[in-house]
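With mmCIF, C-alpha atoms inside, this is upload.cif:
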data_target
#
loop_
_atom_site.group_PDB
_atom_site.id
_atom_site.type_symbol
_atom_site.label_atom_id
_atom_site.label_comp_id
_atom_site.auth_asym_id
_atom_site.auth_seq_id
_atom_site.Cartn_x
_atom_site.Cartn_y
_atom_site.Cartn_z
ATOM 1 C CA MET A 1 9.246 23.778 43.873
ATOM 2 C CA GLN A 2 12.625 22.033 44.046
ATOM 3 C CA ILE A 3 12.844 19.134 46.461
ATOM 4 C CA LYS A 4 15.903 17.252 47.497
ATOM 5 C CA LEU A 5 15.440 13.525 47.214
ATOM 6 C CA SER A 6 17.088 11.408 49.847
ATOM 7 C CA PRO A 7 17.837 7.727 49.197
ATOM 8 C CA GLN A 8 14.783 6.964 51.327
ATOM 9 C CA HIS A 9 12.586 9.140 49.077
ATOM 10 C CA ILE A 10 13.938 7.447 45.946
ATOM 11 C CA GLN A 11 13.235 4.040 47.433
ATOM 12 C CA THR A 12 9.674 5.138 48.269
ATOM 13 C CA ILE A 13 9.047 6.451 44.770
ATOM 14 C CA LEU A 14 10.409 3.311 43.121
ATOM 15 C CA SER A 15 8.468 0.894 45.292
ATOM 16 C CA GLU A 16 5.225 2.849 44.846
ATOM 17 C CA ALA A 17 5.717 2.912 41.072
ATOM 18 C CA GLN A 18 6.429 -0.809 40.926
ATOM 19 C CA ALA A 19 3.378 -1.647 43.016
ATOM 20 C CA ALA A 20 1.169 0.603 40.870
ATOM 21 C CA ALA A 21 2.562 -0.961 37.677
ATOM 22 C CA LYS A 22 1.843 -4.442 39.008
ATOM 23 C CA ARG A 23 -1.760 -3.493 39.831
ATOM 24 C CA LEU A 24 -2.260 -1.846 36.466
ATOM 25 C CA HIS A 25 -0.744 -4.759 34.560
ATOM 26 C CA ARG A 26 -3.064 -7.177 36.325
ATOM 27 C CA ARG A 27 -6.029 -4.926 35.602
ATOM 28 C CA LEU A 28 -5.291 -4.543 31.874
ATOM 29 C CA GLY A 29 -4.838 -8.273 31.310
ATOM 30 C CA PRO A 30 -2.305 -10.282 29.305
ATOM 31 C CA ALA A 31 -2.566 -8.092 26.215
ATOM 32 C CA SER A 32 -1.257 -5.023 28.014
ATOM 33 C CA PRO A 33 2.256 -3.623 27.697
ATOM 34 C CA GLY A 34 4.880 -5.266 29.923
ATOM 35 C CA GLN A 35 4.922 -4.454 33.611
ATOM 36 C CA GLU A 36 8.317 -2.791 33.277
ATOM 37 C CA ASP A 37 7.055 -0.549 30.480
ATOM 38 C CA LEU A 38 4.078 0.466 32.585
ATOM 39 C CA CYS A 39 6.373 1.136 35.555
ATOM 40 C CA GLN A 40 8.518 3.366 33.405
ATOM 41 C CA ASP A 41 5.514 5.348 32.136
ATOM 42 C CA LEU A 42 4.222 5.803 35.676
ATOM 43 C CA LEU A 43 7.637 6.800 36.996
ATOM 44 C CA ILE A 44 8.196 9.405 34.306
ATOM 45 C CA ASP A 45 4.840 10.995 35.065
ATOM 46 C CA LEU A 46 5.556 10.981 38.806
ATOM 47 C CA LEU A 47 8.983 12.558 38.383
ATOM 48 C CA ARG A 48 7.470 15.231 36.152
ATOM 49 C CA ARG A 49 4.941 16.123 38.863
ATOM 50 C CA LEU A 50 7.400 15.987 41.772
ATOM 51 C CA PRO A 51 7.949 19.784 41.807
ATOM 52 C CA ALA A 52 4.304 20.080 42.938
ATOM 53 C CA PHE A 53 4.957 18.038 46.111
ATOM 54 C CA ASP A 54 4.525 20.054 49.325
ATOM 55 C CA PRO A 55 5.871 18.242 52.427
ATOM 56 C CA LYS A 56 3.571 20.368 54.641
ATOM 57 C CA ARG A 57 0.488 18.787 53.051
ATOM 58 C CA GLY A 58 1.471 15.131 53.392
ATOM 59 C CA SER A 59 4.131 12.505 52.975
ATOM 60 C CA LEU A 60 5.925 11.703 49.725
ATOM 61 C CA GLY A 61 4.407 8.224 49.799
ATOM 62 C CA ALA A 62 0.870 9.611 49.902
ATOM 63 C CA PHE A 63 1.649 12.119 47.152
ATOM 64 C CA SER A 64 3.207 9.406 44.972
ATOM 65 C CA GLY A 65 0.265 7.081 45.552
ATOM 66 C CA LEU A 66 -2.214 9.727 44.447
ATOM 67 C CA VAL A 67 -0.252 10.687 41.335
ATOM 68 C CA LEU A 68 0.347 7.058 40.352
ATOM 69 C CA ARG A 69 -3.317 6.180 40.860
ATOM 70 C CA ASN A 70 -4.445 9.007 38.578
ATOM 71 C CA GLN A 71 -1.878 8.150 35.894
ATOM 72 C CA SER A 72 -2.843 4.468 36.072
ATOM 73 C CA SER A 73 -6.460 5.459 35.403
ATOM 74 C CA ARG A 74 -5.425 7.550 32.437
ATOM 75 C CA ILE A 75 -3.358 4.681 30.979
ATOM 76 C CA ALA A 76 -6.183 2.217 31.561
ATOM 77 C CA MET A 77 -8.737 4.500 29.874
ATOM 78 C CA ARG A 78 -6.439 5.058 26.908
ATOM 79 C CA THR A 79 -5.837 1.315 26.530
ATOM 80 C CA MET A 80 -9.540 0.510 26.696
ATOM 81 C CA LYS A 81 -10.295 3.189 24.128
ATOM 82 C CA GLU A 82 -7.684 1.710 21.765
ATOM 83 C CA ARG A 83 -9.127 -1.763 22.214
ATOM 84 C CA ARG A 84 -12.646 -0.531 21.518
ATOM 85 C CA ALA A 85 -11.376 1.159 18.363
ATOM 86 C CA GLN A 86 -9.819 -2.151 17.290
ATOM 87 C CA GLY A 87 -13.128 -3.954 17.750
ATOM 88 C CA GLY A 88 -12.602 -5.566 21.096
ATOM 89 C CA THR A 89 -10.040 -7.132 23.328
ATOM 90 C CA MET A 90 -7.635 -9.778 22.178
ATOM 91 C CA LEU A 91 -8.614 -13.370 22.569
ATOM 92 C CA SER A 92 -6.545 -16.509 22.738
ATOM 93 C CA LEU A 93 -6.795 -18.779 19.709
ATOM 94 C CA ASP A 94 -6.458 -21.768 22.024
ATOM 95 C CA ALA A 95 -9.278 -20.779 24.339
ATOM 96 C CA PRO A 96 -12.540 -22.734 23.896
ATOM 97 C CA LEU A 97 -15.330 -20.822 22.212
ATOM 98 C CA SER A 98 -17.880 -21.456 24.917
ATOM 99 C CA GLN A 99 -18.938 -24.017 27.463
ATOM 100 C CA VAL A 100 -21.285 -25.487 24.877
ATOM 101 C CA ASP A 101 -18.653 -25.650 22.107
ATOM 102 C CA PRO A 102 -15.291 -26.799 23.531
ATOM 103 C CA ARG A 103 -13.428 -26.371 20.201
ATOM 104 C CA PRO A 104 -10.651 -23.762 20.312
ATOM 105 C CA MET A 105 -11.147 -20.666 18.185
ATOM 106 C CA SER A 106 -8.269 -21.651 15.895
ATOM 107 C CA GLU A 107 -10.367 -24.566 14.615
ATOM 108 C CA VAL A 108 -13.342 -22.376 13.841
ATOM 109 C CA LEU A 109 -11.764 -19.313 12.202
ATOM 110 C CA SER A 110 -11.607 -19.441 8.426
ATOM 111 C CA ASN A 111 -8.956 -17.836 6.229
ATOM 112 C CA GLN A 112 -11.400 -15.002 5.571
ATOM 113 C CA ASP A 113 -11.380 -14.186 9.287
ATOM 114 C CA GLY A 114 -7.599 -14.225 9.654
ATOM 115 C CA LEU A 115 -5.051 -11.442 9.929
ATOM 116 C CA GLY A 116 -4.107 -11.837 6.292
ATOM 117 C CA ALA A 117 -7.638 -10.997 5.215
ATOM 118 C CA TRP A 118 -7.735 -8.001 7.572
ATOM 119 C CA GLN A 119 -4.544 -6.648 6.028
ATOM 120 C CA GLY A 120 -6.097 -6.828 2.562
ATOM 121 C CA GLN A 121 -4.387 -10.010 1.365
ATOM 122 C CA CYS A 122 -6.331 -12.209 -0.984
ATOM 123 C CA VAL A 123 -7.263 -15.460 0.761
ATOM 124 C CA ASP A 124 -9.584 -16.867 -1.900
ATOM 125 C CA ALA A 125 -7.709 -19.833 -3.412
ATOM 126 C CA ARG A 126 -9.286 -19.348 -6.843
ATOM 127 C CA LEU A 127 -8.331 -15.659 -6.958
ATOM 128 C CA VAL A 128 -4.812 -16.420 -5.756
ATOM 129 C CA THR A 129 -4.419 -18.964 -8.566
ATOM 130 C CA GLU A 130 -5.783 -16.548 -11.158
ATOM 131 C CA HIS A 131 -3.448 -13.835 -9.924
ATOM 132 C CA SER A 132 -0.523 -16.244 -10.153
ATOM 133 C CA ILE A 133 -1.421 -17.083 -13.765
ATOM 134 C CA ASP A 134 -1.832 -13.395 -14.633
ATOM 135 C CA THR A 135 1.552 -12.610 -13.056
ATOM 136 C CA GLY A 136 3.250 -15.356 -15.060
ATOM 137 C CA ARG A 137 1.657 -14.147 -18.288
ATOM 138 C CA ALA A 138 2.623 -10.520 -17.616
ATOM 139 C CA LEU A 139 6.197 -11.475 -16.727
ATOM 140 C CA GLY A 140 6.447 -13.442 -19.957
ATOM 141 C CA ARG A 141 5.458 -10.367 -21.972
ATOM 142 C CA LEU A 142 7.873 -7.971 -20.295
ATOM 143 C CA SER A 143 11.031 -7.108 -22.149
ATOM 144 C CA PRO A 144 14.126 -8.990 -20.908
ATOM 145 C CA ARG A 145 15.461 -5.687 -19.568
ATOM 146 C CA ASP A 146 12.341 -5.031 -17.501
ATOM 147 C CA ARG A 147 12.294 -8.626 -16.323
ATOM 148 C CA ALA A 148 15.887 -8.340 -15.155
ATOM 149 C CA ILE A 149 15.127 -5.291 -13.068
ATOM 150 C CA CYS A 150 12.095 -7.013 -11.524
ATOM 151 C CA ALA A 151 14.280 -9.963 -10.566
ATOM 152 C CA GLY A 152 16.979 -7.671 -9.217
ATOM 153 C CA LEU A 153 14.603 -5.553 -7.144
ATOM 154 C CA ALA A 154 13.144 -8.651 -5.494
ATOM 155 C CA HIS A 155 16.384 -9.118 -3.575
ATOM 156 C CA SER A 156 18.337 -5.879 -3.677
ATOM 157 C CA SER A 157 17.831 -2.215 -3.090
ATOM 158 C CA VAL A 158 18.274 0.371 -5.821
ATOM 159 C CA ALA A 159 21.601 1.421 -4.307
ATOM 160 C CA THR A 160 22.874 -2.167 -4.407
ATOM 161 C CA LEU A 161 21.738 -2.665 -8.015
ATOM 162 C CA SER A 162 23.471 0.554 -8.982
ATOM 163 C CA ARG A 163 26.715 -0.646 -7.404
ATOM 164 C CA ARG A 164 26.379 -3.956 -9.285
ATOM 165 C CA GLY A 165 26.273 -2.163 -12.607
ATOM 166 C CA PHE A 166 22.547 -1.936 -13.389
ATOM 167 C CA GLY A 167 22.974 1.771 -14.045
ATOM 168 C CA SER A 168 22.896 4.986 -12.070
ATOM 169 C CA ARG A 169 20.341 5.412 -9.304
ATOM 170 C CA SER A 170 18.436 8.077 -11.227
ATOM 171 C CA SER A 171 18.198 5.842 -14.303
ATOM 172 C CA LEU A 172 17.039 2.933 -12.151
ATOM 173 C CA TYR A 173 14.315 5.045 -10.579
ATOM 174 C CA ARG A 174 13.216 6.151 -14.061
ATOM 175 C CA ARG A 175 13.010 2.522 -15.150
ATOM 176 C CA ILE A 176 11.023 1.613 -12.046
ATOM 177 C CA SER A 177 8.624 4.461 -12.779
ATOM 178 C CA ASN A 178 8.185 3.095 -16.321
ATOM 179 C CA LEU A 179 7.726 -0.432 -15.011
ATOM 180 C CA ARG A 180 4.378 0.577 -13.568
ATOM 181 C CA PHE A 181 3.097 1.277 -17.079
ATOM 182 C CA ALA A 182 4.714 -1.837 -18.520
ATOM 183 C CA LEU A 183 2.993 -4.013 -15.927
ATOM 184 C CA ALA A 184 -0.335 -2.224 -16.392
ATOM 185 C CA LEU A 185 -0.109 -2.881 -20.160
ATOM 186 C CA HIS A 186 -0.067 -6.591 -19.454
ATOM 187 C CA GLY A 187 -2.790 -6.711 -16.870
ATOM 188 C CA LEU A 188 -0.988 -6.106 -13.592
ATOM 189 C CA GLY A 189 -2.284 -2.736 -12.640
ATOM 190 C CA PRO A 190 -5.470 -0.730 -12.244
ATOM 191 C CA ALA A 191 -8.469 -2.052 -14.099
ATOM 192 C CA TRP A 192 -10.114 -0.149 -16.927
ATOM 193 C CA ASP A 193 -13.585 0.771 -15.770
ATOM 194 C CA GLU A 194 -15.774 1.801 -18.712
ATOM 195 C CA THR A 195 -18.577 2.929 -16.475
ATOM 196 C CA GLY A 196 -16.145 5.065 -14.508
ATOM 197 C CA ARG A 197 -15.041 6.840 -17.659
ATOM 198 C CA ALA A 198 -18.595 7.600 -18.803
ATOM 199 C CA MET B 1 -21.106 -16.813 -38.290
ATOM 200 C CA LYS B 2 -20.571 -15.315 -34.880
ATOM 201 C CA HIS B 3 -18.877 -11.905 -34.757
ATOM 202 C CA THR B 4 -17.171 -10.615 -31.649
ATOM 203 C CA PRO B 5 -18.618 -7.170 -30.823
ATOM 204 C CA ILE B 6 -16.110 -4.331 -31.075
ATOM 205 C CA HIS B 7 -16.165 -1.813 -28.272
ATOM 206 C CA ALA B 8 -15.462 1.809 -29.000
ATOM 207 C CA ALA B 9 -14.878 4.072 -26.016
ATOM 208 C CA ARG B 10 -14.886 7.828 -26.039
ATOM 209 C CA PRO B 11 -14.263 9.028 -22.473
ATOM 210 C CA ASN B 12 -15.725 12.355 -21.443
ATOM 211 C CA ARG B 13 -12.625 13.425 -19.532
ATOM 212 C CA PRO B 14 -8.925 13.222 -20.434
ATOM 213 C CA VAL B 15 -7.406 9.761 -20.414
ATOM 214 C CA THR B 16 -4.317 9.417 -18.244
ATOM 215 C CA GLU B 17 -1.244 7.414 -19.135
ATOM 216 C CA ILE B 18 -2.024 4.632 -16.662
ATOM 217 C CA GLU B 19 -5.661 4.480 -17.782
ATOM 218 C CA PHE B 20 -4.531 4.044 -21.372
ATOM 219 C CA CYS B 21 -2.311 1.126 -20.337
ATOM 220 C CA ALA B 22 -5.198 -0.386 -18.350
ATOM 221 C CA TRP B 23 -7.416 -0.131 -21.447
ATOM 222 C CA VAL B 24 -4.807 -1.857 -23.630
ATOM 223 C CA ALA B 25 -4.520 -4.693 -21.097
ATOM 224 C CA GLN B 26 -8.207 -5.586 -21.303
ATOM 225 C CA ALA B 27 -8.972 -4.573 -24.901
ATOM 226 C CA LEU B 28 -9.894 -7.238 -27.408
ATOM 227 C CA PRO B 29 -8.546 -7.021 -30.980
ATOM 228 C CA GLY B 30 -10.463 -4.310 -32.812
ATOM 229 C CA ASP B 31 -11.568 -2.374 -29.744
ATOM 230 C CA ARG B 32 -11.152 1.366 -30.155
ATOM 231 C CA LEU B 33 -10.350 4.099 -27.696
ATOM 232 C CA GLU B 34 -10.416 7.786 -28.550
ATOM 233 C CA TYR B 35 -7.653 9.048 -26.320
ATOM 234 C CA HIS B 36 -7.661 12.668 -27.450
ATOM 235 C CA ARG B 37 -9.678 15.048 -29.542
ATOM 236 C CA GLY B 38 -8.133 18.239 -30.890
ATOM 237 C CA PHE B 39 -4.860 18.920 -32.650
ATOM 238 C CA LEU B 40 -2.289 16.944 -30.725
ATOM 239 C CA VAL B 41 0.897 18.606 -31.869
ATOM 240 C CA LEU B 42 -0.498 22.059 -31.015
ATOM 241 C CA ASP B 43 -2.208 20.925 -27.837
ATOM 242 C CA THR B 44 1.121 19.757 -26.444
ATOM 243 C CA PHE B 45 3.003 22.882 -27.533
ATOM 244 C CA PRO B 46 3.289 25.549 -24.793
ATOM 245 C CA VAL B 47 2.779 28.591 -27.045
ATOM 246 C CA PHE B 48 -0.285 27.306 -28.912
ATOM 247 C CA SER B 49 -1.983 25.114 -26.369
ATOM 248 C CA SER B 50 -5.012 26.302 -24.411
ATOM 249 C CA LEU B 51 -4.317 23.704 -21.734
ATOM 250 C CA GLU B 52 -2.707 24.471 -18.407
ATOM 251 C CA ALA B 53 0.883 23.339 -17.933
ATOM 252 C CA LYS B 54 -0.038 20.272 -15.858
ATOM 253 C CA ALA B 55 -2.691 19.105 -18.321
ATOM 254 C CA ARG B 56 -0.380 19.759 -21.261
ATOM 255 C CA GLU B 57 2.401 17.721 -19.644
ATOM 256 C CA ALA B 58 -0.024 14.862 -18.944
ATOM 257 C CA LEU B 59 -1.162 14.951 -22.589
ATOM 258 C CA ARG B 60 2.420 14.895 -23.814
ATOM 259 C CA LYS B 61 3.170 11.865 -21.650
ATOM 260 C CA LEU B 62 0.016 10.160 -22.921
ATOM 261 C CA ALA B 63 1.015 10.830 -26.513
ATOM 262 C CA ASP B 64 4.506 9.419 -25.903
ATOM 263 C CA ARG B 65 3.027 6.368 -24.195
ATOM 264 C CA THR B 66 0.588 5.639 -27.035
ATOM 265 C CA PHE B 67 3.450 5.846 -29.524
ATOM 266 C CA HIS B 68 5.587 3.529 -27.369
ATOM 267 C CA VAL B 69 2.722 1.035 -27.050
ATOM 268 C CA ALA B 70 2.179 1.132 -30.827
ATOM 269 C CA GLU B 71 5.862 0.381 -31.339
ATOM 270 C CA GLN B 72 5.407 -2.700 -29.155
ATOM 271 C CA GLY B 73 2.744 -3.871 -31.572
ATOM 272 C CA LEU B 74 -0.147 -3.689 -29.127
ATOM 273 C CA VAL B 75 -2.204 -0.977 -30.846
ATOM 274 C CA HIS B 76 -2.650 0.808 -34.173
ATOM 275 C CA LEU B 77 -2.837 4.586 -33.922
ATOM 276 C CA VAL B 78 -5.203 6.282 -36.337
ATOM 277 C CA GLN B 79 -6.741 9.713 -36.698
ATOM 278 C CA GLU B 80 -10.154 10.781 -37.847
ATOM 279 C CA ARG B 81 -10.917 14.312 -38.958
ATOM 280 C CA VAL B 82 -13.929 15.689 -37.111
ATOM 281 C CA GLY B 83 -13.665 19.347 -38.095
ATOM 282 C CA PRO B 84 -11.261 22.165 -39.015
ATOM 283 C CA ASP B 85 -8.024 21.637 -37.042
ATOM 284 C CA CYS B 86 -9.768 18.997 -35.009
ATOM 285 C CA PHE B 87 -9.039 15.308 -35.071
ATOM 286 C CA ALA B 88 -10.039 12.297 -33.054
ATOM 287 C CA TYR B 89 -6.957 10.322 -32.060
ATOM 288 C CA ILE B 90 -7.872 6.680 -31.829
ATOM 289 C CA ALA B 91 -6.033 3.619 -30.619
ATOM 290 C CA VAL B 92 -7.205 0.324 -32.119
ATOM 291 C CA ALA B 93 -6.244 -2.750 -30.139
ATOM 292 C CA ARG B 94 -4.255 -5.441 -31.941
ATOM 293 C CA PRO B 95 -4.124 -9.125 -31.029
ATOM 294 C CA LYS B 96 -1.829 -9.658 -28.090
ATOM 295 C CA PRO B 97 1.425 -11.400 -29.009
ATOM 296 C CA LYS B 98 1.699 -14.940 -27.743
ATOM 297 C CA SER B 99 4.460 -15.587 -25.257
ATOM 298 C CA ALA B 100 5.248 -18.214 -22.697
ATOM 299 C CA SER B 101 4.416 -17.451 -19.107
ATOM 300 C CA ILE B 102 7.261 -17.115 -16.671
ATOM 301 C CA SER B 103 6.848 -18.388 -13.161
ATOM 302 C CA LEU B 104 7.362 -15.756 -10.475
ATOM 303 C CA SER B 105 9.337 -18.160 -8.309
ATOM 304 C CA GLU B 106 11.692 -18.868 -11.251
ATOM 305 C CA LEU B 107 12.242 -15.154 -11.688
ATOM 306 C CA LEU B 108 12.946 -14.675 -7.996
ATOM 307 C CA LEU B 109 15.460 -17.503 -8.035
ATOM 308 C CA GLU B 110 17.192 -15.966 -11.061
ATOM 309 C CA GLY B 111 17.432 -12.681 -9.223
ATOM 310 C CA GLU B 112 18.894 -14.351 -6.170
ATOM 311 C CA ALA B 113 21.472 -16.215 -8.225
ATOM 312 C CA ALA B 114 22.574 -13.089 -10.078
#
Spit out the file's structure as structure tokens when you get a sec.
Amino acid sequence: MQIKLSPQHIQTILSEAQAAAKRLHRRLGPASPGQEDLCQDLLIDLLRRLPAFDPKRGSLGAFSGLVLRNQSSRIAMRTMKERRAQGGTMLSLDAPLSQVDPRPMSEVLSNQDGLGAWQGQCVDARLVTEHSIDTGRALGRLSPRDRAICAGLAHSSVATLSRRGFGSRSSLYRRISNLRFALALHGLGPAWDETGRA
Amino acid sequence: MKHTPIHAARPNRPVTEIEFCAWVAQALPGDRLEYHRGFLVLDTFPVFSSLEAKAREALRKLADRTFHVAEQGLVHLVQERVGPDCFAYIAVARPKPKSASISLSELLLEGEAA
């Protein structure tokens, strides 16, 4: 059903959406999306459902309130589900652990508990050192040509290297493909697993 | 006199190019790897080979890689006759050449300067 929105209607819709966004933002806590983002999501949903508004059944304010309340619930449930999937809500690193232990969490977390470890980075100092030694040894055994392309790729894209005279793009991609084998030959690649081959 | 044991590996499924390189990286001098059994030149030839196209292409790449690695002085390539028109193709690891390590940060600085 098409409805004509007067300036008064628009003002009603906007103020209802802003109030609902404020409530939702407070409910979701500091880790939630910004209040303006929430307001936008709520407003888009309300505008989409506006054709269903029937002035004979109630005022636009009441209709908007109902629609915004339902959409707020849906957003809140989705956010909580995402947080549960991530293993919990976010915590401040500066907040004390408990009343018994007043130390902030940042003093208690080890490198193994940090974001780097979660993303698969190696945080064991011994392993990092060994990897650094292995990398140096492998780089020393690469041909000067392969070493040059490694150095070039660290700072430039293939297109840039091609423009600077390292060769055509197709030849560069072929060399990069071969680099994988060159690095594996010198220990920087998948490990040979004898038991896996049996 | 203490002798270092030599490991000989004969995988029960085809070795891939990257697996061959991984073996070379960890092999000690004298270690052996049978990377193919059959008649290599026929097995990589479309008309004579009983392998499917994908497997044949992978074998051809493996053969090229083993030759390239031998040219770098990392392996010896030998063959052993096991039957009529059937050979075991073996890579024997050689001592790794000595070379100075290069620091990654040095390399990155060189790349930046270039």
message = If we count all atoms listed in the file and set the cut-off at 6 Å, which residues sit around region 172-184 of chain A, ignoring sequence neighbours fewer than 4 positions away in its own chain? Please answer as a list in words.
response = Leu188 and Gly189 of chain A; Cys21 and Ala22 of chain B
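The shortest atom-to-atom distance to chain A, with all atoms listed in the file taken into account, belongs to B:Pro97 out of B:Pro46, B:Gly30, B:Pro97, B:Pro84.
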Please return, as an mmCIF file with C-alpha atoms, in the frame of the given file, all residues of chain A lying within 9 Å of chain B when all atoms listed in the file are considered.
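Below is the file that was written, iface-v5.cif:
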data_model
loop_
_atom_site.group_PDB
_atom_site.id
_atom_site.type_symbol
_atom_site.label_atom_id
_atom_site.label_comp_id
_atom_site.auth_asym_id
_atom_site.auth_seq_id
_atom_site.Cartn_x
_atom_site.Cartn_y
_atom_site.Cartn_z
ATOM 1 C CA SER A 132 -0.523 -16.244 -10.153
ATOM 2 C CA ILE A 133 -1.421 -17.083 -13.765
ATOM 3 C CA ASP A 134 -1.832 -13.395 -14.633
ATOM 4 C CA THR A 135 1.552 -12.610 -13.056
ATOM 5 C CA GLY A 136 3.250 -15.356 -15.060
ATOM 6 C CA ARG A 137 1.657 -14.147 -18.288
ATOM 7 C CA ALA A 138 2.623 -10.520 -17.616
ATOM 8 C CA LEU A 139 6.197 -11.475 -16.727
ATOM 9 C CA GLY A 140 6.447 -13.442 -19.957
ATOM 10 C CA ARG A 141 5.458 -10.367 -21.972
ATOM 11 C CA ARG A 147 12.294 -8.626 -16.323
ATOM 12 C CA ALA A 148 15.887 -8.340 -15.155
ATOM 13 C CA ILE A 149 15.127 -5.291 -13.068
ATOM 14 C CA CYS A 150 12.095 -7.013 -11.524
ATOM 15 C CA ALA A 151 14.280 -9.963 -10.566
ATOM 16 C CA GLY A 152 16.979 -7.671 -9.217
ATOM 17 C CA LEU A 153 14.603 -5.553 -7.144
ATOM 18 C CA ALA A 154 13.144 -8.651 -5.494
ATOM 19 C CA HIS A 155 16.384 -9.118 -3.575
ATOM 20 C CA SER A 156 18.337 -5.879 -3.677
ATOM 21 C CA ARG A 180 4.378 0.577 -13.568
ATOM 22 C CA PHE A 181 3.097 1.277 -17.079
ATOM 23 C CA ALA A 182 4.714 -1.837 -18.520
ATOM 24 C CA LEU A 183 2.993 -4.013 -15.927
ATOM 25 C CA ALA A 184 -0.335 -2.224 -16.392
ATOM 26 C CA LEU A 185 -0.109 -2.881 -20.160
ATOM 27 C CA HIS A 186 -0.067 -6.591 -19.454
ATOM 28 C CA GLY A 187 -2.790 -6.711 -16.870
ATOM 29 C CA LEU A 188 -0.988 -6.106 -13.592
ATOM 30 C CA GLY A 189 -2.284 -2.736 -12.640
ATOM 31 C CA PRO A 190 -5.470 -0.730 -12.244
ATOM 32 C CA ALA A 191 -8.469 -2.052 -14.099
ATOM 33 C CA TRP A 192 -10.114 -0.149 -16.927
ATOM 34 C CA ASP A 193 -13.585 0.771 -15.770
ATOM 35 C CA GLU A 194 -15.774 1.801 -18.712
ATOM 36 C CA ARG A 197 -15.041 6.840 -17.659
ATOM 37 C CA ALA A 198 -18.595 7.600 -18.803
#
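For Leu28 (chain B), the non-local neighbours within 8 Å, defined as residues at least 6 positions apart in the same chain or in other chains and counting only C-alpha atoms, are Ile6, Ala93, Arg94 and Pro95 of chain B.
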May I have the residues from that selection written out with C-alpha atoms, as a PDB file, in the coordinates of the input?
ATOM      1  CA  ILE B   6     -16.110  -4.331 -31.075  1.00  0.00           C
ATOM      2  CA  ALA B  93      -6.244  -2.750 -30.139  1.00  0.00           C
ATOM      3  CA  ARG B  94      -4.255  -5.441 -31.941  1.00  0.00           C
ATOM      4  CA  PRO B  95      -4.124  -9.125 -31.029  1.00  0.00           C
TER       5      PRO B  95
END
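Take CA of Ala62 (chain A) and CA of Arg48 (chain A): the distance between them is 16.3 Å.
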request  = Apply the PyMOL selection byres ((chain B and resi 58) around 12) to the displayed file and report the matching residues as a list in words.
outcome  = Pro14, Val15, Thr16, Glu17, Ile18, Glu19, Phe20, His36, Asp43, Thr44, Leu51, Glu52, Ala53, Lys54, Ala55, Arg56, Glu57, Leu59, Arg60, Lys61, Leu62, Ala63, Asp64 and Arg65 of chain B
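Straight-line separation from CA of Val67 (chain A) to CA of Leu46 (chain A): 6.3 Å.
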inquiry  = Could you list, as a PyMOL selection string, every residue matched by the PyMOL selection byres ((chain A and resi 39-43) around 6) in this structure?
reply    = chain A and resi 17-18+21+36-38+44-46
